[in-house]
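Text of structure.cif (mmCIF, C-alpha atoms) as supplied:
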data_upload
loop_
_atom_site.label_atom_id
_atom_site.label_comp_id
_atom_site.auth_asym_id
_atom_site.auth_seq_id
_atom_site.Cartn_x
_atom_site.Cartn_y
_atom_site.Cartn_z
CA MET M 1 23.15 69.21 87.00
CA ASP M 2 25.90 71.71 86.43
CA ALA M 3 24.72 74.99 84.99
CA LYS M 4 28.24 75.83 83.87
CA GLU M 5 28.17 73.17 81.19
CA ILE M 6 25.20 74.75 79.44
CA SER M 7 26.06 76.89 76.42
CA LYS M 8 25.36 80.61 76.23
CA ALA M 9 23.00 80.14 73.31
CA VAL M 10 20.85 77.78 75.36
CA ILE M 11 20.93 80.15 78.33
CA LYS M 12 19.61 82.96 76.17
CA ARG M 13 16.62 80.84 75.25
CA LEU M 14 15.86 79.75 78.84
CA PRO M 15 13.61 82.68 79.87
CA ARG M 16 11.41 81.93 76.88
CA TYR M 17 11.13 78.23 77.77
CA TYR M 18 10.40 79.31 81.32
CA ARG M 19 7.60 81.58 80.14
CA TYR M 20 5.97 78.87 77.99
CA LEU M 21 6.29 76.21 80.69
CA GLY M 22 4.72 78.64 83.17
CA GLU M 23 1.77 79.12 80.83
CA LEU M 24 1.37 75.35 80.48
CA LEU M 25 1.40 75.01 84.27
CA GLU M 26 -1.35 77.62 84.52
CA GLU M 27 -3.34 75.53 82.07
CA ASN M 28 -2.72 72.44 84.28
CA VAL M 29 -0.74 70.65 81.58
CA GLU M 30 1.39 67.96 83.29
CA ARG M 31 3.40 66.62 80.37
CA ILE M 32 4.19 67.90 76.90
CA SER M 33 6.00 66.32 73.97
CA SER M 34 8.79 68.19 72.19
CA ASN M 35 6.55 68.21 69.09
CA ASP M 36 3.67 69.95 70.86
CA LEU M 37 6.03 72.40 72.57
CA SER M 38 7.63 73.01 69.18
CA LYS M 39 4.29 74.01 67.65
CA LYS M 40 3.56 76.39 70.53
CA MET M 41 7.01 78.02 70.57
CA LYS M 42 7.66 77.97 66.82
CA VAL M 43 11.11 76.44 67.08
CA THR M 44 11.99 72.97 65.79
CA ALA M 45 11.33 69.97 68.00
CA SER M 46 14.94 68.92 67.57
CA GLN M 47 16.17 72.26 68.92
CA ILE M 48 13.89 71.81 71.93
CA ARG M 49 15.15 68.26 72.52
CA GLN M 50 18.76 69.41 72.25
CA ASP M 51 18.24 72.39 74.54
CA LEU M 52 16.29 70.50 77.19
CA ASN M 53 18.67 67.53 77.16
CA ASN M 54 20.99 69.87 79.04
CA PHE M 55 18.69 69.39 82.00
CA GLY M 56 19.21 65.64 82.27
CA GLY M 57 17.50 62.58 80.87
CA PHE M 58 14.02 63.04 82.26
CA GLY M 59 12.27 63.55 78.92
CA GLN M 60 11.54 59.89 78.18
CA GLN M 61 10.74 58.91 74.62
CA GLY M 62 6.99 58.83 74.15
CA TYR M 63 6.21 60.31 77.55
CA GLY M 64 7.11 63.92 76.88
CA TYR M 65 8.49 66.38 79.40
CA ASN M 66 7.29 66.78 82.95
CA VAL M 67 6.21 70.43 82.79
CA LYS M 68 6.47 71.22 86.49
CA TYR M 69 9.87 69.58 86.92
CA LEU M 70 11.32 71.33 83.89
CA TYR M 71 9.84 74.68 84.98
CA THR M 72 11.37 74.29 88.42
CA GLU M 73 14.78 73.23 87.12
CA ILE M 74 14.97 76.09 84.62
CA GLY M 75 13.87 78.46 87.39
CA LYS M 76 16.81 77.26 89.52
CA ILE M 77 19.27 77.81 86.69
CA LEU M 78 17.89 81.33 86.25
CA GLY M 79 18.38 82.00 89.96
CA LEU M 80 14.63 82.29 90.61
CA ASP M 81 14.64 79.83 93.53
CA VAL M 82 16.14 82.41 95.89
CA GLN M 83 14.87 85.84 96.87
CA HIS M 84 16.54 88.90 95.38
CA PRO M 85 15.97 92.11 97.39
CA MET M 86 15.62 94.91 94.88
CA ILE M 87 15.31 98.70 94.89
CA ILE M 88 14.12 101.14 92.24
CA LEU M 89 15.87 104.46 91.70
CA GLY M 90 13.51 106.84 89.94
CA ALA M 91 9.82 106.85 90.86
CA GLY M 92 8.55 108.31 87.60
CA ASN M 93 6.12 106.46 85.34
CA LEU M 94 8.65 103.80 84.35
CA GLY M 95 9.82 103.23 87.94
CA GLN M 96 6.22 102.96 89.09
CA ALA M 97 5.34 100.62 86.24
CA LEU M 98 8.17 98.30 87.30
CA ALA M 99 7.21 98.62 90.99
CA ASN M 100 3.66 97.58 90.17
CA TYR M 101 4.69 94.58 88.18
CA VAL M 102 3.46 91.81 90.51
CA ASP M 103 5.01 88.98 88.51
CA PHE M 104 8.49 90.04 89.58
CA GLU M 105 7.73 89.32 93.23
CA LYS M 106 6.32 85.88 92.37
CA ARG M 107 9.71 85.06 90.84
CA GLY M 108 11.72 86.13 93.87
CA PHE M 109 12.43 89.74 92.97
CA LYS M 110 11.32 91.48 96.15
CA LEU M 111 11.01 95.25 96.07
CA VAL M 112 12.40 96.71 99.30
CA GLY M 113 12.81 100.40 98.44
CA ILE M 114 11.94 103.16 95.95
CA PHE M 115 13.93 106.38 95.68
CA ASP M 116 13.53 109.65 93.82
CA VAL M 117 14.82 113.24 93.96
CA ASN M 118 11.41 114.86 93.71
CA PRO M 119 10.35 116.00 97.22
CA VAL M 120 6.70 115.97 96.11
CA LEU M 121 6.91 112.17 95.91
CA GLU M 122 8.47 111.70 99.36
CA GLY M 123 6.35 109.42 101.54
CA MET M 124 3.96 108.49 98.72
CA ALA M 125 3.55 104.73 98.68
CA VAL M 126 3.79 102.41 95.69
CA ARG M 127 2.56 98.91 96.49
CA GLY M 128 2.97 99.68 100.17
CA ILE M 129 6.54 100.92 99.85
CA GLU M 130 7.15 104.56 100.67
CA ILE M 131 9.17 106.60 98.22
CA GLN M 132 12.36 107.89 99.88
CA MET M 133 14.72 110.62 98.78
CA LEU M 134 17.84 109.63 96.83
CA SER M 135 19.92 111.46 99.44
CA ASP M 136 18.90 108.73 101.90
CA LEU M 137 20.17 105.95 99.61
CA PRO M 138 23.69 105.50 101.09
CA LEU M 139 22.31 105.06 104.61
CA PHE M 140 19.60 102.68 103.34
CA LEU M 141 22.21 100.55 101.59
CA ARG M 142 24.32 100.33 104.74
CA GLU M 143 21.34 99.16 106.79
CA ASN M 144 19.58 96.88 104.29
CA LEU M 145 20.60 94.01 102.07
CA VAL M 146 20.04 95.00 98.43
CA GLU M 147 21.04 92.75 95.58
CA ILE M 148 19.56 94.38 92.50
CA ALA M 149 19.06 98.07 91.76
CA ILE M 150 16.81 99.22 88.92
CA LEU M 151 17.93 102.52 87.41
CA THR M 152 15.20 104.57 85.75
CA LEU M 153 16.96 107.92 86.17
CA PRO M 154 18.15 110.50 83.63
CA LYS M 155 21.59 109.60 82.35
CA ASN M 156 23.69 112.07 84.34
CA ARG M 157 22.17 111.11 87.64
CA ALA M 158 22.26 107.42 86.68
CA LYS M 159 26.07 107.43 86.52
CA GLU M 160 26.40 109.19 89.86
CA MET M 161 23.92 106.83 91.54
CA ALA M 162 25.56 103.75 90.00
CA ASN M 163 28.76 104.75 91.79
CA ILE M 164 26.95 105.03 95.11
CA LEU M 165 25.35 101.62 94.53
CA ILE M 166 28.69 100.02 93.74
CA GLU M 167 30.48 101.64 96.70
CA ASN M 168 27.80 100.19 98.93
CA GLY M 169 28.05 96.67 97.64
CA VAL M 170 25.14 96.35 95.20
CA LYS M 171 26.17 93.64 92.73
CA ALA M 172 23.53 93.88 90.00
CA ILE M 173 22.10 96.84 88.09
CA TRP M 174 19.13 96.71 85.74
CA ASN M 175 19.81 99.85 83.77
CA PHE M 176 17.09 101.72 81.88
CA ALA M 177 19.12 104.95 81.64
CA HIS M 178 20.44 105.86 78.19
CA VAL M 179 24.01 105.48 79.14
CA ASP M 180 26.60 102.71 79.36
CA LEU M 181 27.61 102.42 82.99
CA ASP M 182 31.23 102.15 83.97
CA THR M 183 31.24 99.25 86.44
CA PRO M 184 33.84 96.88 87.89
CA ASP M 185 33.89 93.23 86.77
CA ASP M 186 32.06 91.96 89.81
CA VAL M 187 29.00 94.09 89.13
CA ILE M 188 26.49 92.60 86.68
CA VAL M 189 24.70 95.10 84.43
CA GLU M 190 21.73 94.32 82.21
CA ASN M 191 20.78 97.21 79.95
CA VAL M 192 17.34 97.96 78.58
CA HIS M 193 17.94 100.71 76.05
CA LEU M 194 14.38 101.38 74.93
CA SER M 195 15.21 103.95 72.28
CA GLU M 196 17.66 101.52 70.67
CA SER M 197 14.93 98.92 70.53
CA LEU M 198 12.59 101.41 68.83
CA MET M 199 15.35 102.28 66.33
CA THR M 200 15.78 98.61 65.50
CA LEU M 201 12.05 98.46 64.77
CA SER M 202 12.30 101.54 62.61
CA TYR M 203 15.32 100.12 60.77
CA ASN M 204 13.54 96.83 60.05
CA LEU M 205 10.49 98.71 58.84
CA SER M 206 12.58 100.87 56.48
CA GLN M 207 14.44 97.84 55.17
CA TYR M 208 11.27 95.89 54.57
CA ARG M 209 9.82 98.78 52.60
CA GLN M 210 12.95 99.23 50.52
CA GLU M 211 12.99 95.56 49.68
CA HIS M 212 9.30 95.07 48.99
CA VAL M 213 7.58 98.31 48.12
CA GLU M 214 10.11 100.20 46.10
CA LYS M 215 10.86 97.40 43.67
CA MET F 1 25.26 104.25 49.92
CA ASP F 2 23.23 101.07 49.90
CA ALA F 3 21.99 100.02 53.30
CA LYS F 4 21.36 96.51 52.06
CA GLU F 5 25.06 95.80 51.77
CA ILE F 6 25.65 96.40 55.47
CA SER F 7 25.86 93.28 57.59
CA LYS F 8 23.39 92.45 60.34
CA ALA F 9 26.11 92.57 62.99
CA VAL F 10 26.93 96.16 62.03
CA ILE F 11 23.25 97.08 61.98
CA LYS F 12 22.83 95.82 65.53
CA ARG F 13 25.57 98.18 66.66
CA LEU F 14 24.21 101.22 64.80
CA PRO F 15 21.83 102.53 67.51
CA ARG F 16 24.76 102.61 69.94
CA TYR F 17 26.94 104.57 67.48
CA TYR F 18 23.99 106.86 66.93
CA ARG F 19 23.66 107.47 70.67
CA TYR F 20 27.35 108.27 71.12
CA LEU F 21 27.50 110.52 68.05
CA GLY F 22 24.41 112.35 69.34
CA GLU F 23 26.16 112.96 72.65
CA LEU F 24 29.24 114.28 70.83
CA LEU F 25 27.03 116.63 68.81
CA GLU F 26 25.48 117.94 72.04
CA GLU F 27 29.02 118.63 73.27
CA ASN F 28 29.73 120.48 69.98
CA VAL F 29 32.40 118.02 68.90
CA GLU F 30 32.85 118.34 65.13
CA ARG F 31 35.33 115.58 64.41
CA ILE F 32 36.47 112.52 66.31
CA SER F 33 39.18 109.96 65.57
CA SER F 34 38.42 106.25 65.72
CA ASN F 35 40.86 106.04 68.65
CA ASP F 36 39.00 108.65 70.71
CA LEU F 37 35.62 107.14 69.83
CA SER F 38 37.06 103.73 70.75
CA LYS F 39 37.97 104.95 74.25
CA LYS F 40 34.51 106.42 74.76
CA MET F 41 32.60 103.39 73.49
CA LYS F 42 34.94 100.69 74.81
CA VAL F 43 35.21 98.83 71.55
CA THR F 44 38.41 98.54 69.52
CA ALA F 45 39.33 101.33 67.11
CA SER F 46 39.67 98.76 64.34
CA GLN F 47 36.10 97.57 64.90
CA ILE F 48 34.92 101.17 64.67
CA ARG F 49 36.89 101.76 61.48
CA GLN F 50 35.53 98.57 59.93
CA ASP F 51 31.95 99.35 60.94
CA LEU F 52 32.00 102.97 59.83
CA ASN F 53 33.74 102.18 56.55
CA ASN F 54 30.35 100.84 55.52
CA PHE F 55 29.23 104.45 55.31
CA GLY F 56 31.69 105.45 52.64
CA GLY F 57 35.21 106.82 52.63
CA PHE F 58 34.69 110.04 54.48
CA GLY F 59 36.82 109.22 57.49
CA GLN F 60 40.13 110.45 56.17
CA GLN F 61 43.31 109.29 57.83
CA GLY F 62 44.40 111.80 60.45
CA TYR F 63 41.24 113.91 60.18
CA GLY F 64 38.85 111.66 62.06
CA TYR F 65 35.13 111.34 61.40
CA ASN F 66 32.77 114.20 60.75
CA VAL F 67 30.41 113.71 63.68
CA LYS F 68 27.39 115.45 62.22
CA TYR F 69 27.64 113.76 58.84
CA LEU F 70 28.02 110.31 60.38
CA TYR F 71 25.15 110.96 62.81
CA THR F 72 22.90 112.01 59.95
CA GLU F 73 23.85 109.08 57.72
CA ILE F 74 23.32 106.52 60.48
CA GLY F 75 20.01 108.20 61.28
CA LYS F 76 18.93 107.71 57.67
CA ILE F 77 19.87 104.02 57.73
CA LEU F 78 17.83 103.64 60.92
CA GLY F 79 14.84 105.27 59.25
CA LEU F 80 14.95 108.31 61.54
CA ASP F 81 14.86 110.85 58.69
CA VAL F 82 11.15 110.31 58.14
CA GLN F 83 8.24 110.71 60.52
CA HIS F 84 6.62 107.59 61.97
CA PRO F 85 3.09 108.16 63.28
CA MET F 86 2.71 106.01 66.38
CA ILE F 87 -0.03 104.99 68.81
CA ILE F 88 0.14 103.49 72.29
CA LEU F 89 -2.30 100.80 73.38
CA GLY F 90 -2.45 100.69 77.18
CA ALA F 91 -2.32 103.95 79.14
CA GLY F 92 -1.02 102.47 82.39
CA ASN F 93 2.29 103.49 83.93
CA LEU F 94 4.37 101.93 81.18
CA GLY F 95 2.24 103.40 78.38
CA GLN F 96 2.40 106.82 80.01
CA ALA F 97 6.15 106.52 80.54
CA LEU F 98 6.60 105.85 76.82
CA ALA F 99 4.16 108.64 75.89
CA ASN F 100 6.16 111.10 77.96
CA TYR F 101 9.47 110.13 76.46
CA VAL F 102 10.23 113.31 74.51
CA ASP F 103 13.32 111.93 72.78
CA PHE F 104 11.14 109.67 70.62
CA GLU F 105 9.46 112.63 68.96
CA LYS F 106 12.83 114.27 68.25
CA ARG F 107 13.74 111.15 66.29
CA GLY F 108 10.61 111.14 64.17
CA PHE F 109 8.38 108.90 66.28
CA LYS F 110 5.27 111.03 66.53
CA LEU F 111 2.61 109.99 69.01
CA VAL F 112 -0.85 110.41 67.44
CA GLY F 113 -3.08 108.39 69.78
CA ILE F 114 -3.33 106.63 73.14
CA PHE F 115 -5.91 103.96 73.89
CA ASP F 116 -7.03 102.07 76.97
CA VAL F 117 -10.02 100.04 78.21
CA ASN F 118 -10.37 101.85 81.51
CA PRO F 119 -13.28 104.35 81.21
CA VAL F 120 -11.81 106.38 84.09
CA LEU F 121 -8.92 107.35 81.79
CA GLU F 122 -11.13 108.42 78.86
CA GLY F 123 -10.45 112.01 77.85
CA MET F 124 -7.46 112.41 80.20
CA ALA F 125 -4.58 113.90 78.24
CA VAL F 126 -1.00 112.69 78.13
CA ARG F 127 1.30 115.23 76.47
CA GLY F 128 -1.74 116.87 74.91
CA ILE F 129 -3.14 113.65 73.48
CA GLU F 130 -6.47 112.50 74.87
CA ILE F 131 -6.78 108.89 75.92
CA GLN F 132 -9.43 107.12 73.83
CA MET F 133 -11.20 103.84 74.43
CA LEU F 134 -9.81 100.71 72.73
CA SER F 135 -13.26 100.14 71.24
CA ASP F 136 -12.66 103.24 69.11
CA LEU F 137 -9.39 101.87 67.72
CA PRO F 138 -10.70 100.31 64.47
CA LEU F 139 -12.38 103.57 63.43
CA PHE F 140 -9.28 105.57 64.38
CA LEU F 141 -7.08 103.31 62.25
CA ARG F 142 -9.37 103.72 59.25
CA GLU F 143 -9.26 107.52 59.51
CA ASN F 144 -5.61 108.06 60.51
CA LEU F 145 -2.27 106.92 59.19
CA VAL F 146 -0.53 104.85 61.87
CA GLU F 147 2.76 103.16 61.22
CA ILE F 148 3.87 101.87 64.63
CA ALA F 149 1.72 100.59 67.49
CA ILE F 150 3.16 100.18 70.98
CA LEU F 151 1.49 97.36 72.92
CA THR F 152 1.60 97.71 76.70
CA LEU F 153 -1.47 95.57 77.34
CA PRO F 154 -1.96 92.35 79.32
CA LYS F 155 -1.13 89.35 77.17
CA ASN F 156 -4.66 88.19 76.31
CA ARG F 157 -5.79 91.57 75.16
CA ALA F 158 -2.49 92.16 73.37
CA LYS F 159 -3.12 89.26 70.98
CA GLU F 160 -6.66 90.42 70.22
CA MET F 161 -5.53 94.02 69.63
CA ALA F 162 -2.59 92.92 67.47
CA ASN F 163 -5.11 91.29 65.14
CA ILE F 164 -7.12 94.51 64.91
CA LEU F 165 -3.93 96.46 64.20
CA ILE F 166 -2.89 94.06 61.45
CA GLU F 167 -6.35 93.98 59.84
CA ASN F 168 -6.21 97.76 59.67
CA GLY F 169 -2.83 97.95 58.02
CA VAL F 170 -0.43 98.74 60.87
CA LYS F 171 2.95 97.40 59.78
CA ALA F 172 5.07 97.63 62.92
CA ILE F 173 4.41 96.58 66.51
CA TRP F 174 6.63 97.39 69.49
CA ASN F 175 5.45 94.69 71.84
CA PHE F 176 5.84 94.97 75.63
CA ALA F 177 3.22 92.28 76.35
CA HIS F 178 4.53 88.97 77.67
CA VAL F 179 3.49 87.02 74.66
CA ASP F 180 4.86 86.15 71.25
CA LEU F 181 2.53 87.68 68.68
CA ASP F 182 1.38 85.70 65.70
CA THR F 183 1.90 88.09 62.80
CA PRO F 184 2.19 87.83 59.01
CA ASP F 185 5.58 88.32 57.34
CA ASP F 186 4.90 91.89 56.31
CA VAL F 187 4.39 93.05 59.90
CA ILE F 188 7.57 93.92 61.83
CA VAL F 189 7.55 93.07 65.52
CA GLU F 190 10.15 94.17 68.06
CA ASN F 191 9.67 92.57 71.46
CA VAL F 192 10.70 94.05 74.79
CA HIS F 193 10.21 91.20 77.24
CA LEU F 194 11.13 92.94 80.48
CA SER F 195 10.80 89.91 82.74
CA GLU F 196 13.14 87.94 80.47
CA SER F 197 15.69 90.72 80.75
CA LEU F 198 15.43 90.62 84.56
CA MET F 199 15.86 86.82 84.49
CA THR F 200 19.02 87.21 82.41
CA LEU F 201 20.34 89.58 85.08
CA SER F 202 19.42 87.09 87.79
CA TYR F 203 21.07 84.24 85.85
CA ASN F 204 24.30 86.19 85.39
CA LEU F 205 24.33 87.11 89.07
CA SER F 206 23.86 83.47 90.12
CA GLN F 207 26.54 82.30 87.73
CA TYR F 208 29.01 84.92 88.89
CA ARG F 209 28.45 83.88 92.49
CA GLN F 210 28.85 80.19 91.73
CA GLU F 211 32.09 80.85 89.90
CA HIS F 212 33.61 83.33 92.34
CA VAL F 213 32.15 83.02 95.79
CA GLU F 214 31.53 79.32 96.25
CA LYS F 215 35.00 78.21 95.25
#
Could you show the structure in this file as structure tokens?
Amino acid sequence: MDAKEISKAVIKRLPRYYRYLGELLEENVERISSNDLSKKMKVTASQIRQDLNNFGGFGQQGYGYNVKYLYTEIGKILGLDVQHPMIILGAGNLGQALANYVDFEKRGFKLVGIFDVNPVLEGMAVRGIEIQMLSDLPLFLRENLVEIAILTLPKNRAKEMANILIENGVKAIWNFAHVDLDTPDDVIVENVHLSESLMTLSYNLSQYRQEHVEK
Amino acid sequence: MDAKEISKAVIKRLPRYYRYLGELLEENVERISSNDLSKKMKVTASQIRQDLNNFGGFGQQGYGYNVKYLYTEIGKILGLDVQHPMIILGAGNLGQALANYVDFEKRGFKLVGIFDVNPVLEGMAVRGIEIQMLSDLPLFLRENLVEIAILTLPKNRAKEMANILIENGVKAIWNFAHVDLDTPDDVIVENVHLSESLMTLSYNLSQYRQEHVEK
């Protein structure tokens, strides 16, 4: 299977397939038909068949999909079959929430460090990992392999720290700071702009009201 | 101005314009040309002109855009000119992080209640709001106007609580639980599936490596 042949639209839907297949596995479901999966996921069965055909011809007519095989193959495409050492910058509530999220580790995202500026937090442990000071970050990055950095810092500090991460070879940033980072092409950034998500909700709510209530 | 005439693609970009215009306002910038805004936002000036033309002909050639006016108008479109009473279900790290996010209140999202199942948290205050027990939620909803509910609960409880919210007239759910909620058409849901975002990052990282390193 060659992941490169799979379209972007399919790729965007993969994490959702992965989530549903994982739930089926937990329920000990071994096989599922595209029709049953369609009912669960509320997309058409033909979309499911088209999407999953990208993963080879193992969904035999009348037999349904092998849940475990499909889950494993999609996991590989998503890069979840290898371990990704990860650090968190910012040990506030959001940083701690992400640190405590045990499902990440199950999927290969291994937390190896947490950093903050607040000296009160120094040495406090979150899931067995001691919070270090941000000033120690450059040395840590030179001595440890880090693939993904999670930024939960205020925007000014986020930019400064992103530069330090990049200079020290970190190739992926999961950015929760309210700022667009300026990164070279070989650094992957995934933004989670929470306030923009809340504004989208607010927009949809306003629109719905205008269309339905005010008429 | 009629918001309904504005295309979905433009709408999706509005929160980002809003963020940049807000930053310009903080820097006391009164006017900005599409070229200067283009450099800041890293989109083409012609895209900016096209997008912002939706908000009427106030960007006169050579004068640039009136930052404050544009900020205010986009805010109205996004529904930020009215107050949205909001509750948080789940007072763990993520719930507390969202409760402490002061920018939400500035934009009209007013926190009026926080709920959890953990009796240890009962009565503890987050930003002056006492944590209540989830069992008190139905009564609270009958006695208080709540427009938006933020769900930061485990997936099983999230579904159950979403039903209680809907039965009691809450019309918008900002869902952080790892589950697709089953809601009627008149309830707006905005999902933040954090693990799917992290998987997208991991996918892009794997792809980049396959394309650049393994060749």
Report the residues retrieved by the PyMOL selection byres ((chain F) within 6 of (chain M)) from the displayed file, expressed as a PyMOL selection string. chain F and resi 15+78-79+93-94+97+190+196+201-203+206
Written as a count of residues only, which residues does the PyMOL selection byres ((chain F and resi 113) around 7) give for the file shown? 7
Could you write out as a list of chain:residue names the residues that the PyMOL selection byres ((chain M and resi 32-34) around 10) matches in the shown file? M:Leu21, M:Leu24, M:Val29, M:Glu30, M:Arg31, M:Asn35, M:Asp36, M:Leu37, M:Ser38, M:Lys39, M:Lys40, M:Val43, M:Thr44, M:Ala45, M:Ser46, M:Gln47, M:Ile48, M:Arg49, M:Leu52, M:Gly59, M:Gln60, M:Gln61, M:Gly62, M:Tyr63, M:Gly64, M:Tyr65, M:Asn66, M:Val67
As an MDAnalysis selection string, please: the residues near F:Gly90 (cut-off 10 Å, only C-alpha atoms, same-chain neighbours under 5 positions excluded). chainID F and resid 95:96 114:118 131 133:134 150:154 157:158
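When atom CA of F:Ile164 is paired with atom CA of F:Glu130, their separation reads 20.6 Å.
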Would you mind reading off the distance between atom CA of M:Glu122 and atom CA of M:Met161, one decimal, in Å? 18.0 Å
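Taking atom CA of F:Pro138 and atom CA of F:Gln83 as the two end points, the separation is 22.0 Å.
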Could you pull stretch 24-89 of chain M out of the structure just shown and give C-alpha atoms as a short mmCIF file (atom, residue, chain, number, x, y, z; two decimals), in the first residue's frame?
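Below is the file decode.cif, written as the result:
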data_model
loop_
_atom_site.label_atom_id
_atom_site.label_comp_id
_atom_site.auth_asym_id
_atom_site.auth_seq_id
_atom_site.Cartn_x
_atom_site.Cartn_y
_atom_site.Cartn_z
CA LEU M 24 -15.61 -1.58 17.56
CA LEU M 25 -12.43 -3.35 18.67
CA GLU M 26 -13.21 -2.48 22.27
CA GLU M 27 -16.62 -4.05 21.76
CA ASN M 28 -14.90 -7.18 20.33
CA VAL M 29 -16.46 -6.73 16.90
CA GLU M 30 -14.35 -8.70 14.39
CA ARG M 31 -16.02 -7.78 11.11
CA ILE M 32 -18.37 -5.03 10.03
CA SER M 33 -20.18 -4.38 6.76
CA SER M 34 -20.00 -0.97 5.09
CA ASN M 35 -23.76 -0.66 5.71
CA ASP M 36 -23.44 -1.17 9.46
CA LEU M 37 -20.42 1.14 9.66
CA SER M 38 -22.40 3.66 7.61
CA LYS M 39 -25.23 3.68 10.16
CA LYS M 40 -22.78 4.17 13.04
CA MET M 41 -20.76 6.93 11.37
CA LYS M 42 -23.62 8.66 9.55
CA VAL M 43 -21.89 8.76 6.19
CA THR M 44 -23.07 6.82 3.14
CA ALA M 45 -21.99 3.22 2.72
CA SER M 46 -20.69 4.05 -0.73
CA GLN M 47 -18.41 6.76 0.68
CA ILE M 48 -17.08 4.23 3.18
CA ARG M 49 -16.49 1.64 0.45
CA GLN M 50 -14.71 4.20 -1.71
CA ASP M 51 -12.57 5.49 1.15
CA LEU M 52 -11.59 2.08 2.47
CA ASN M 53 -10.88 0.68 -0.98
CA ASN M 54 -7.75 2.80 -0.77
CA PHE M 55 -6.47 0.27 1.72
CA GLY M 56 -6.55 -2.67 -0.68
CA GLY M 57 -9.08 -5.33 -1.59
CA PHE M 58 -9.59 -6.97 1.77
CA GLY M 59 -13.23 -5.97 2.21
CA GLN M 60 -14.79 -8.96 0.46
CA GLN M 61 -18.37 -8.67 -0.73
CA GLY M 62 -20.68 -10.13 1.89
CA TYR M 63 -17.96 -10.62 4.48
CA GLY M 64 -17.52 -7.03 5.60
CA TYR M 65 -14.30 -5.45 6.80
CA ASN M 66 -11.83 -7.05 9.16
CA VAL M 67 -11.95 -4.47 11.97
CA LYS M 68 -8.56 -5.19 13.50
CA TYR M 69 -6.73 -5.25 10.17
CA LEU M 70 -8.30 -2.01 9.01
CA TYR M 71 -7.61 -0.34 12.37
CA THR M 72 -3.98 -1.39 12.20
CA GLU M 73 -3.52 -0.30 8.59
CA ILE M 74 -5.10 3.11 9.17
CA GLY M 75 -2.94 3.47 12.30
CA LYS M 76 0.16 2.89 10.15
CA ILE M 77 -0.90 5.50 7.62
CA LEU M 78 -1.44 7.96 10.47
CA GLY M 79 2.07 7.23 11.77
CA LEU M 80 0.76 5.63 14.98
CA ASP M 81 2.87 2.47 14.61
CA VAL M 82 6.03 4.26 15.74
CA GLN M 83 6.75 6.12 18.96
CA HIS M 84 6.79 9.92 18.90
CA PRO M 85 8.71 11.48 21.82
CA MET M 86 6.83 14.62 22.78
CA ILE M 87 7.27 17.58 25.14
CA ILE M 88 4.79 20.11 26.47
CA LEU M 89 5.73 23.78 26.83
#
